[in-house]
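The data block below is target-v5.pdb; it holds PDB, C-alpha atoms and all ligand atoms.
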ATOM      1  CA  MET A 274     -19.990 -34.917 -10.589  1.00  0.00           C
ATOM      2  CA  THR A 275     -18.156 -34.445 -13.880  1.00  0.00           C
ATOM      3  CA  ALA A 276     -14.906 -32.529 -14.148  1.00  0.00           C
ATOM      4  CA  ALA A 277     -16.672 -29.926 -16.316  1.00  0.00           C
ATOM      5  CA  LEU A 278     -19.312 -29.349 -13.600  1.00  0.00           C
ATOM      6  CA  ARG A 279     -16.681 -29.070 -10.857  1.00  0.00           C
ATOM      7  CA  LEU A 280     -14.875 -26.505 -13.009  1.00  0.00           C
ATOM      8  CA  ALA A 281     -18.072 -24.531 -13.547  1.00  0.00           C
ATOM      9  CA  GLU A 282     -18.741 -24.393  -9.775  1.00  0.00           C
ATOM     10  CA  ALA A 283     -15.212 -23.379  -8.742  1.00  0.00           C
ATOM     11  CA  PRO A 284     -14.967 -19.710  -7.745  1.00  0.00           C
ATOM     12  CA  ALA A 285     -13.183 -17.547 -10.314  1.00  0.00           C
ATOM     13  CA  PRO A 286      -9.592 -16.840  -9.198  1.00  0.00           C
ATOM     14  CA  GLN A 287      -9.289 -13.309  -7.878  1.00  0.00           C
ATOM     15  CA  PRO A 288      -6.572 -11.049  -9.256  1.00  0.00           C
ATOM     16  CA  VAL A 289      -3.642 -10.527  -6.906  1.00  0.00           C
ATOM     17  CA  ILE A 290      -3.450  -6.885  -5.879  1.00  0.00           C
ATOM     18  CA  ARG A 291      -0.287  -5.175  -4.682  1.00  0.00           C
ATOM     19  CA  VAL A 292      -0.589  -3.278  -1.423  1.00  0.00           C
ATOM     20  CA  SER A 293       0.928  -0.293  -3.237  1.00  0.00           C
ATOM     21  CA  ASP A 294      -2.000  -0.401  -5.723  1.00  0.00           C
ATOM     22  CA  LEU A 295      -4.378  -0.191  -2.787  1.00  0.00           C
ATOM     23  CA  ARG A 296      -2.513   2.914  -1.592  1.00  0.00           C
ATOM     24  CA  GLN A 297      -2.833   4.458  -5.057  1.00  0.00           C
ATOM     25  CA  TRP A 298      -6.546   3.574  -5.144  1.00  0.00           C
ATOM     26  CA  VAL A 299      -7.036   5.709  -2.042  1.00  0.00           C
ATOM     27  CA  TYR A 300      -4.800   8.531  -3.319  1.00  0.00           C
ATOM     28  CA  CYS A 301      -6.548   8.735  -6.719  1.00  0.00           C
ATOM     29  CA  PRO A 302      -8.650   5.899  -8.209  1.00  0.00           C
ATOM     30  CA  ARG A 303      -7.536   6.926 -11.708  1.00  0.00           C
ATOM     31  CA  VAL A 304      -3.898   6.260 -10.842  1.00  0.00           C
ATOM     32  CA  ALA A 305      -4.854   2.688  -9.910  1.00  0.00           C
ATOM     33  CA  TRP A 306      -6.825   2.434 -13.163  1.00  0.00           C
ATOM     34  CA  PHE A 307      -3.828   3.474 -15.271  1.00  0.00           C
ATOM     35  CA  THR A 308      -1.475   1.229 -13.314  1.00  0.00           C
ATOM     36  CA  LEU A 309      -3.616  -1.896 -13.352  1.00  0.00           C
ATOM     37  CA  MET A 310      -5.940  -1.644 -16.316  1.00  0.00           C
ATOM     38  CA  CYS A 311      -4.578   0.775 -18.851  1.00  0.00           C
ATOM     39  CA  PRO A 312      -0.769   1.075 -18.725  1.00  0.00           C
ATOM     40  CA  VAL A 313       0.428   4.192 -20.517  1.00  0.00           C
ATOM     41  CA  GLY A 314       3.753   5.995 -20.842  1.00  0.00           C
ATOM     42  CA  LYS A 315       4.080   8.207 -17.791  1.00  0.00           C
ATOM     43  CA  VAL A 316       5.754  11.581 -17.550  1.00  0.00           C
ATOM     44  CA  GLU A 317       8.258  11.740 -14.693  1.00  0.00           C
ATOM     45  CA  SER A 318       6.757  13.717 -11.836  1.00  0.00           C
ATOM     46  CA  TYR A 319       8.113  15.223  -8.633  1.00  0.00           C
ATOM     47  CA  LYS A 320       6.569  12.275  -6.749  1.00  0.00           C
ATOM     48  CA  MET A 321       8.503   9.815  -8.911  1.00  0.00           C
ATOM     49  CA  ARG A 322      11.757  11.693  -8.268  1.00  0.00           C
ATOM     50  CA  MET A 323      10.931  11.590  -4.555  1.00  0.00           C
ATOM     51  CA  GLY A 324      10.380   7.851  -4.937  1.00  0.00           C
ATOM     52  CA  ARG A 325      13.955   7.439  -6.179  1.00  0.00           C
ATOM     53  CA  MET A 326      15.256   9.581  -3.320  1.00  0.00           C
ATOM     54  CA  LYS A 327      13.275   7.406  -0.946  1.00  0.00           C
ATOM     55  CA  GLU A 328      15.157   4.338  -2.175  1.00  0.00           C
ATOM     56  CA  ASP A 329      18.470   6.022  -1.294  1.00  0.00           C
ATOM     57  CA  ARG A 330      17.281   7.201   2.109  1.00  0.00           C
ATOM     58  CA  LEU A 331      15.674   3.841   2.827  1.00  0.00           C
ATOM     59  CA  ALA A 332      18.932   2.031   2.103  1.00  0.00           C
ATOM     60  CA  ARG A 333      20.731   4.365   4.531  1.00  0.00           C
ATOM     61  CA  LEU A 334      18.023   4.004   7.169  1.00  0.00           C
ATOM     62  CA  GLN A 335      18.126   0.247   6.822  1.00  0.00           C
ATOM     63  CA  LYS A 336      21.808   0.220   7.713  1.00  0.00           C
ATOM     64  CA  ARG A 337      20.762   1.619  11.079  1.00  0.00           C
ATOM     65  CA  ARG A 338      18.921  -1.093  12.968  1.00  0.00           C
ATOM     66  CA  SER A 339      18.063   0.987  16.037  1.00  0.00           C
ATOM     67  CA  LEU A 340      14.598   0.581  17.514  1.00  0.00           C
ATOM     68  CA  HIS A 341      14.915   3.731  19.595  1.00  0.00           C
ATOM     69  CA  ALA A 342      12.747   5.855  17.257  1.00  0.00           C
ATOM     70  CA  PHE A 343       9.919   3.320  17.618  1.00  0.00           C
ATOM     71  CA  ARG A 344      10.138   3.373  21.417  1.00  0.00           C
ATOM     72  CA  LEU A 345      10.890  -0.324  21.322  1.00  0.00           C
ATOM     73  CA  HIS A 346      13.844  -1.592  23.314  1.00  0.00           C
ATOM     74  CA  GLU A 347      14.187  -5.074  21.941  1.00  0.00           C
ATOM     75  CA  GLY A 348      13.219  -6.902  18.810  1.00  0.00           C
ATOM     76  CA  THR A 349      14.528  -8.151  15.520  1.00  0.00           C
ATOM     77  CA  VAL A 350      14.455  -6.115  12.342  1.00  0.00           C
ATOM     78  CA  HIS A 351      13.987  -7.376   8.773  1.00  0.00           C
ATOM     79  CA  ASP A 352      14.099  -5.116   5.743  1.00  0.00           C
ATOM     80  CA  ASN A 353      12.375  -5.392   2.342  1.00  0.00           C
ATOM     81  CA  VAL A 354      10.079  -8.208   3.459  1.00  0.00           C
ATOM     82  CA  ARG A 355       8.039  -9.781   0.672  1.00  0.00           C
ATOM     83  CA  LEU A 356       4.552 -10.875   1.731  1.00  0.00           C
ATOM     84  CA  HIS A 357       2.027 -12.787  -0.347  1.00  0.00           C
ATOM     85  CA  SER A 358      -1.306 -14.518   0.171  1.00  0.00           C
ATOM     86  CA  GLU A 359      -3.251 -16.285  -2.559  1.00  0.00           C
ATOM     87  CA  ARG A 360      -6.256 -16.509  -0.243  1.00  0.00           C
ATOM     88  CA  LEU A 361      -6.360 -12.736   0.297  1.00  0.00           C
ATOM     89  CA  GLY A 362      -5.306 -12.029  -3.283  1.00  0.00           C
ATOM     90  CA  LEU A 363      -2.792  -9.585  -1.875  1.00  0.00           C
ATOM     91  CA  THR A 364       0.948  -9.163  -2.231  1.00  0.00           C
ATOM     92  CA  GLY A 365       3.600  -6.563  -1.444  1.00  0.00           C
ATOM     93  CA  MET A 366       7.020  -5.697  -0.125  1.00  0.00           C
ATOM     94  CA  LEU A 367       7.229  -4.084   3.274  1.00  0.00           C
ATOM     95  CA  ASP A 368      10.060  -1.606   3.929  1.00  0.00           C
ATOM     96  CA  ARG A 369      10.735  -2.913   7.417  1.00  0.00           C
ATOM     97  CA  LEU A 370       9.308  -5.530   9.760  1.00  0.00           C
ATOM     98  CA  ILE A 371       9.988  -5.514  13.500  1.00  0.00           C
ATOM     99  CA  TRP A 372       9.351  -8.610  15.592  1.00  0.00           C
ATOM    100  CA  GLN A 373       9.038  -8.286  19.331  1.00  0.00           C
ATOM    101  CA  GLU A 374       7.755 -10.908  21.743  1.00  0.00           C
ATOM    102  CA  GLY A 375       5.789 -12.758  19.067  1.00  0.00           C
ATOM    103  CA  ARG A 376       4.166  -9.594  17.725  1.00  0.00           C
ATOM    104  CA  ALA A 377       4.818  -8.023  14.338  1.00  0.00           C
ATOM    105  CA  TYR A 378       5.109  -4.277  13.629  1.00  0.00           C
ATOM    106  CA  PRO A 379       5.158  -3.148   9.983  1.00  0.00           C
ATOM    107  CA  VAL A 380       7.102   0.002   9.086  1.00  0.00           C
ATOM    108  CA  GLU A 381       6.746   2.048   5.891  1.00  0.00           C
ATOM    109  CA  VAL A 382       8.998   4.948   4.901  1.00  0.00           C
ATOM    110  CA  LYS A 383       7.466   7.895   3.026  1.00  0.00           C
ATOM    111  CA  PHE A 384       8.591  11.198   1.602  1.00  0.00           C
ATOM    112  CA  THR A 385       5.687  13.257   2.851  1.00  0.00           C
ATOM    113  CA  SER A 386       4.846  16.301   4.910  1.00  0.00           C
ATOM    114  CA  GLY A 387       2.231  16.427   7.642  1.00  0.00           C
ATOM    115  CA  PRO A 388       0.705  13.536   9.541  1.00  0.00           C
ATOM    116  CA  ALA A 389       0.205  10.139   7.888  1.00  0.00           C
ATOM    117  CA  ARG A 390      -2.668  10.274   5.388  1.00  0.00           C
ATOM    118  CA  LEU A 391      -5.386   7.705   4.781  1.00  0.00           C
ATOM    119  CA  ASN A 392      -3.558   6.202   1.787  1.00  0.00           C
ATOM    120  CA  HIS A 393      -0.486   5.585   3.953  1.00  0.00           C
ATOM    121  CA  ARG A 394      -2.534   4.161   6.813  1.00  0.00           C
ATOM    122  CA  VAL A 395      -4.414   1.858   4.442  1.00  0.00           C
ATOM    123  CA  GLN A 396      -1.131   0.661   2.968  1.00  0.00           C
ATOM    124  CA  LEU A 397       0.106  -0.236   6.451  1.00  0.00           C
ATOM    125  CA  ALA A 398      -3.202  -1.993   7.147  1.00  0.00           C
ATOM    126  CA  GLY A 399      -2.767  -4.012   3.923  1.00  0.00           C
ATOM    127  CA  TYR A 400       0.581  -5.253   5.226  1.00  0.00           C
ATOM    128  CA  ALA A 401      -1.007  -6.010   8.605  1.00  0.00           C
ATOM    129  CA  MET A 402      -3.593  -8.176   6.818  1.00  0.00           C
ATOM    130  CA  LEU A 403      -0.813 -10.094   5.114  1.00  0.00           C
ATOM    131  CA  LEU A 404       1.223 -10.507   8.321  1.00  0.00           C
ATOM    132  CA  ARG A 405      -1.802 -11.807  10.224  1.00  0.00           C
ATOM    133  CA  GLU A 406      -2.643 -14.178   7.381  1.00  0.00           C
ATOM    134  CA  VAL A 407       0.872 -15.478   6.685  1.00  0.00           C
ATOM    135  CA  TYR A 408       2.289 -15.634  10.231  1.00  0.00           C
ATOM    136  CA  ARG A 409      -0.924 -15.828  12.315  1.00  0.00           C
ATOM    137  CA  VAL A 410       0.458 -13.155  14.626  1.00  0.00           C
ATOM    138  CA  ASP A 411      -0.848 -10.169  16.508  1.00  0.00           C
ATOM    139  CA  VAL A 412      -0.142  -6.899  14.641  1.00  0.00           C
ATOM    140  CA  PRO A 413      -1.374  -4.205  17.052  1.00  0.00           C
ATOM    141  CA  HIS A 414       0.148  -1.200  15.369  1.00  0.00           C
ATOM    142  CA  GLY A 415       2.720  -0.121  12.818  1.00  0.00           C
ATOM    143  CA  TYR A 416       4.789   2.935  11.957  1.00  0.00           C
ATOM    144  CA  ILE A 417       5.182   5.461   9.168  1.00  0.00           C
ATOM    145  CA  VAL A 418       8.628   7.054   9.036  1.00  0.00           C
ATOM    146  CA  ARG A 419       8.315  10.444   7.352  1.00  0.00           C
ATOM    147  CA  LEU A 420      11.254  11.707   5.347  1.00  0.00           C
ATOM    148  CA  PRO A 421      13.208  13.875   5.144  1.00  0.00           C
ATOM    149  CA  ASP A 422      13.213  14.475   8.923  1.00  0.00           C
ATOM    150  CA  GLU A 423      12.511  10.849   9.988  1.00  0.00           C
ATOM    151  CA  THR A 424       9.482  11.739  12.097  1.00  0.00           C
ATOM    152  CA  VAL A 425       7.784   8.531  13.235  1.00  0.00           C
ATOM    153  CA  ASP A 426       3.970   8.222  13.339  1.00  0.00           C
ATOM    154  CA  ARG A 427       2.531   5.291  15.232  1.00  0.00           C
ATOM    155  CA  ILE A 428      -0.575   3.935  13.468  1.00  0.00           C
ATOM    156  CA  ASP A 429      -3.078   1.764  15.342  1.00  0.00           C
ATOM    157  CA  LEU A 430      -4.094  -1.158  13.160  1.00  0.00           C
ATOM    158  CA  ASP A 431      -7.490  -1.385  14.809  1.00  0.00           C
ATOM    159  CA  ALA A 432     -10.870  -2.694  13.663  1.00  0.00           C
ATOM    160  CA  PRO A 433     -12.142   0.577  12.063  1.00  0.00           C
ATOM    161  CA  LEU A 434      -8.993   0.945   9.934  1.00  0.00           C
ATOM    162  CA  MET A 435      -9.086  -2.746   8.961  1.00  0.00           C
ATOM    163  CA  GLU A 436     -12.775  -2.465   7.999  1.00  0.00           C
ATOM    164  CA  THR A 437     -12.058   0.624   5.899  1.00  0.00           C
ATOM    165  CA  THR A 438      -9.186  -1.211   4.229  1.00  0.00           C
ATOM    166  CA  ASN A 439     -11.354  -4.240   3.467  1.00  0.00           C
ATOM    167  CA  ARG A 440     -14.014  -1.996   1.927  1.00  0.00           C
ATOM    168  CA  LEU A 441     -11.434  -0.206  -0.216  1.00  0.00           C
ATOM    169  CA  LEU A 442      -9.947  -3.514  -1.363  1.00  0.00           C
ATOM    170  CA  GLU A 443     -13.420  -4.680  -2.323  1.00  0.00           C
ATOM    171  CA  SER A 444     -14.127  -1.494  -4.296  1.00  0.00           C
ATOM    172  CA  LEU A 445     -10.776  -1.833  -6.104  1.00  0.00           C
ATOM    173  CA  ARG A 446     -11.707  -5.395  -7.065  1.00  0.00           C
ATOM    174  CA  GLU A 447     -15.069  -4.159  -8.331  1.00  0.00           C
ATOM    175  CA  MET A 448     -13.343  -1.572 -10.528  1.00  0.00           C
ATOM    176  CA  ILE A 449     -11.069  -4.285 -11.955  1.00  0.00           C
ATOM    177  CA  SER A 450     -13.946  -6.625 -12.608  1.00  0.00           C
ATOM    178  CA  ALA A 451     -16.144  -3.914 -14.181  1.00  0.00           C
ATOM    179  CA  GLU A 452     -13.205  -2.648 -16.295  1.00  0.00           C
ATOM    180  CA  ARG A 453     -14.655   0.838 -15.977  1.00  0.00           C
ATOM    181  CA  ALA A 454     -12.450   3.918 -15.523  1.00  0.00           C
ATOM    182  CA  PRO A 455     -13.171   5.592 -12.169  1.00  0.00           C
ATOM    183  CA  PRO A 456     -13.752   9.341 -11.781  1.00  0.00           C
ATOM    184  CA  PRO A 457     -10.754  11.634 -11.248  1.00  0.00           C
ATOM    185  CA  SER A 458      -9.481  12.591  -7.833  1.00  0.00           C
ATOM    186  CA  PRO A 459     -11.759  15.184  -6.204  1.00  0.00           C
ATOM    187  CA  ILE A 460      -8.587  16.855  -4.892  1.00  0.00           C
ATOM    188  CA  GLN A 461      -7.452  18.884  -7.901  1.00  0.00           C
ATOM    189  CA  GLY A 462      -4.135  19.775  -6.322  1.00  0.00           C
ATOM    190  CA  ARG A 463      -3.074  16.166  -6.854  1.00  0.00           C
ATOM    191  CA  CYS A 464      -3.358  16.534 -10.632  1.00  0.00           C
ATOM    192  CA  SER A 465      -0.847  19.325 -11.074  1.00  0.00           C
ATOM    193  CA  ASP A 466       2.170  17.058 -10.605  1.00  0.00           C
ATOM    194  CA  CYS A 467       0.692  13.729 -11.668  1.00  0.00           C
ATOM    195  CA  GLU A 468       2.537  11.411 -14.034  1.00  0.00           C
ATOM    196  CA  TYR A 469      -0.816  10.595 -15.718  1.00  0.00           C
ATOM    197  CA  ARG A 470      -2.022  14.126 -16.177  1.00  0.00           C
ATOM    198  CA  ASN A 471      -1.625  13.991 -19.980  1.00  0.00           C
ATOM    199  CA  PHE A 472      -4.052  11.085 -20.099  1.00  0.00           C
ATOM    200  CA  CYS A 473      -6.772  12.569 -17.899  1.00  0.00           C
ATOM    201  CA  GLY A 474      -8.698  14.741 -20.342  1.00  0.00           C
ATOM    202  CA  ASP A 475     -11.276  15.772 -17.782  1.00  0.00           C
ATOM    203  CA  VAL A 476      -9.039  17.487 -15.243  1.00  0.00           C
ATOM    204  CA  SER A 477      -7.951  21.094 -15.348  1.00  0.00           C
TER     205      SER A 477
HETATM  206  S1  LIG A 501      -4.290  13.682 -13.270  1.00  0.00           S
HETATM  207 FE1  LIG A 501      -5.518  13.801 -11.393  1.00  0.00          FE
HETATM  208  S2  LIG A 501      -7.288  12.495 -11.779  1.00  0.00           S
HETATM  209 FE2  LIG A 501      -5.748  11.978 -13.338  1.00  0.00          FE
HETATM  210  S3  LIG A 501      -4.661  10.242 -12.456  1.00  0.00           S
HETATM  211 FE3  LIG A 501      -3.534  12.080 -11.880  1.00  0.00          FE
HETATM  212  S4  LIG A 501      -4.321  12.692  -9.866  1.00  0.00           S
HETATM  213 FE4  LIG A 501      -5.748  11.244 -10.770  1.00  0.00          FE
END

Would you give me this structure, written as structure tokens?
Amino acid sequence: MTAALRLAEAPAPQPVIRVSDLRQWVYCPRVAWFTLMCPVGKVESYKMRMGRMKEDRLARLQKRRSLHAFRLHEGTVHDNVRLHSERLGLTGMLDRLIWQEGRAYPVEVKFTSGPARLNHRVQLAGYAMLLREVYRVDVPHGYIVRLPDETVDRIDLDAPLMETTNRLLESLREMISAERAPPPSPIQGRCSDCEYRNFCGDVS
């Protein structure tokens, strides 16, 4: 077989997707489109200001290494853990990783009200995929810490959530490969404080 033929048969490399892009894809597909395919100058939104506040709160939280809030008594804690897999085409930085008895528990910190939403749960599942792939460990569940009151939601990283996450990852890859702008978010309330609102001509 010639080198040219081998090259022709090799699968095309898949783009590496950040777990945070997957979260945005669930929140509003257009946000992922602007981030990945069509970078534009954003207007600072309330969410972005909250993002900066999160960095401050996260740094303070990370100084406290207590596992009490997670109902775990022992374990080691690592903060800002970078995870990457070429095979999965996935990368990201996890806010906190807890190890206990050979199991891994991802933790994400969010400025949000109400119970953890699908975009947050999918983000946690993306990190679970990476942890299972990189460390070959059991990742039974993870946690979302909700700011400002530090409420902790335990999220089961079970088969239905992992299947949903795989499907969403696949659909994000399809959007990238088709290079076609997705429809706007069906939840209009998300548009009122969106950093991309000026670029979405079809939302009111
Ligand atoms: S303005 Fe609305 S549709 Fe456009 S990117 Fe923002 S949330 Fe999505």

Is it possible to get the axis-aligned box enclosing ligand LIG 501 (chain A) (all listed atoms, 8 Å extra per side) as JSON, with centre and edge lengths in Å rounded to one decimal?
{"center_x": -5.4, "center_y": 12.0, "center_z": -11.6, "size_x": 19.8, "size_y": 19.6, "size_z": 19.5}

Taking the file as I've supplied it (selection: the PyMOL selection byres (((chain A and resi 360-366) around 7) and not hetatm)), which residues are included? Please answer as a PyMOL selection string.
chain A and resi 287-292+353-359+367-368

To verify the selection step, state as a ChimeraX atom specification which residues the PyMOL selection byres (((chain A and resi 470) around 12) and not hetatm) yields on this input.
/A:301,303-304,307,313-318,457-458,461-469,471-477

Atom pair CA of Arg338 in chain A / CA of Pro413 in chain A: separation (Å):
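Straight-line distance from CA of Arg338 in chain A to CA of Pro413 in chain A works out to 20.9 Å.
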
Quick check, in Å to one decimal: how far apart do CA of Val382 in chain A and CA of Arg330 in chain A lie?
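Interatomic distance, CA of Val382 in chain A to CA of Arg330 in chain A: 9.0 Å.
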
Could you tell me, as JSON, numbers by chain, exactly which residues end up selected when the PyMOL selection byres (((chain A and resi 294-297) around 10) and not hetatm) is applied to this structure?
{"A": [290, 291, 292, 293, 298, 299, 300, 301, 302, 303, 304, 305, 306, 308, 309, 363, 364, 365, 391, 392, 393, 394, 395, 396, 397, 399, 438, 441, 442, 444, 445, 446]}

Could you give me, as a list of chain:residue names, the residues within 10 Å of Arg376 in chain A, counting all atoms listed in the file and dropping anything in the same chain fewer than 3 positions from it?
A:Gly348, A:Ile371, A:Trp372, A:Gln373, A:Leu404, A:Arg405, A:Tyr408, A:Arg409, A:Val410, A:Asp411, A:Val412, A:Pro413, A:His414

Just give me the gap between atom S1 of ligand LIG 501 (chain A) and CA of Glu381 in chain A in Å, one decimal is fine.
25.0 Å

Reconstructed range 403-424 of chain A, atom set N, CA and C atoms, as a tab-separated table (two decimals), keeping the file's coordinate frame:
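Below is the file that was written, out21.tsv:
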chain	number	residue	atom	x	y	z
A	403	LEU	N	-1.69	-9.03	5.61
A	403	LEU	CA	-0.81	-10.09	5.11
A	403	LEU	C	-0.04	-10.75	6.26
A	404	LEU	N	0.46	-9.94	7.20
A	404	LEU	CA	1.22	-10.51	8.32
A	404	LEU	C	0.34	-11.42	9.17
A	405	ARG	N	-0.88	-10.98	9.43
A	405	ARG	CA	-1.80	-11.81	10.22
A	405	ARG	C	-2.12	-13.11	9.49
A	406	GLU	N	-2.29	-13.01	8.18
A	406	GLU	CA	-2.64	-14.18	7.38
A	406	GLU	C	-1.46	-15.15	7.27
A	407	VAL	N	-0.28	-14.61	6.97
A	407	VAL	CA	0.87	-15.48	6.68
A	407	VAL	C	1.46	-16.05	7.98
A	408	TYR	N	1.59	-15.19	9.01
A	408	TYR	CA	2.29	-15.63	10.23
A	408	TYR	C	1.35	-15.92	11.40
A	409	ARG	N	0.05	-15.61	11.22
A	409	ARG	CA	-0.92	-15.83	12.32
A	409	ARG	C	-0.47	-15.13	13.59
A	410	VAL	N	-0.05	-13.90	13.47
A	410	VAL	CA	0.46	-13.16	14.63
A	410	VAL	C	-0.40	-11.94	14.91
A	411	ASP	N	-0.21	-11.41	16.10
A	411	ASP	CA	-0.85	-10.17	16.51
A	411	ASP	C	-0.07	-9.01	15.86
A	412	VAL	N	-0.79	-8.08	15.24
A	412	VAL	CA	-0.14	-6.90	14.64
A	412	VAL	C	-0.89	-5.67	15.19
A	413	PRO	N	-0.56	-5.25	16.41
A	413	PRO	CA	-1.37	-4.20	17.05
A	413	PRO	C	-1.23	-2.82	16.44
A	414	HIS	N	-0.05	-2.49	16.02
A	414	HIS	CA	0.15	-1.20	15.37
A	414	HIS	C	1.40	-1.26	14.49
A	415	GLY	N	1.55	-0.20	13.69
A	415	GLY	CA	2.72	-0.12	12.82
A	415	GLY	C	3.23	1.30	12.83
A	416	TYR	N	4.16	1.61	11.95
A	416	TYR	CA	4.79	2.94	11.96
A	416	TYR	C	4.96	3.45	10.53
A	417	ILE	N	4.80	4.76	10.40
A	417	ILE	CA	5.18	5.46	9.17
A	417	ILE	C	6.37	6.35	9.54
A	418	VAL	N	7.48	6.17	8.85
A	418	VAL	CA	8.63	7.05	9.04
A	418	VAL	C	8.56	8.10	7.93
A	419	ARG	N	8.45	9.37	8.34
A	419	ARG	CA	8.32	10.44	7.35
A	419	ARG	C	9.66	11.06	7.05
A	420	LEU	N	10.03	11.04	5.79
A	420	LEU	CA	11.25	11.71	5.35
A	420	LEU	C	10.88	13.11	4.89
A	421	PRO	N	11.77	14.06	4.92
A	421	PRO	CA	13.21	13.88	5.14
A	421	PRO	C	13.63	13.89	6.62
A	422	ASP	N	12.72	14.27	7.55
A	422	ASP	CA	13.21	14.48	8.92
A	422	ASP	C	13.10	13.23	9.82
A	423	GLU	N	12.60	12.12	9.25
A	423	GLU	CA	12.51	10.85	9.99
A	423	GLU	C	11.57	10.92	11.19
A	424	THR	N	10.53	11.74	11.07
A	424	THR	CA	9.48	11.74	12.10
A	424	THR	C	8.77	10.39	12.04
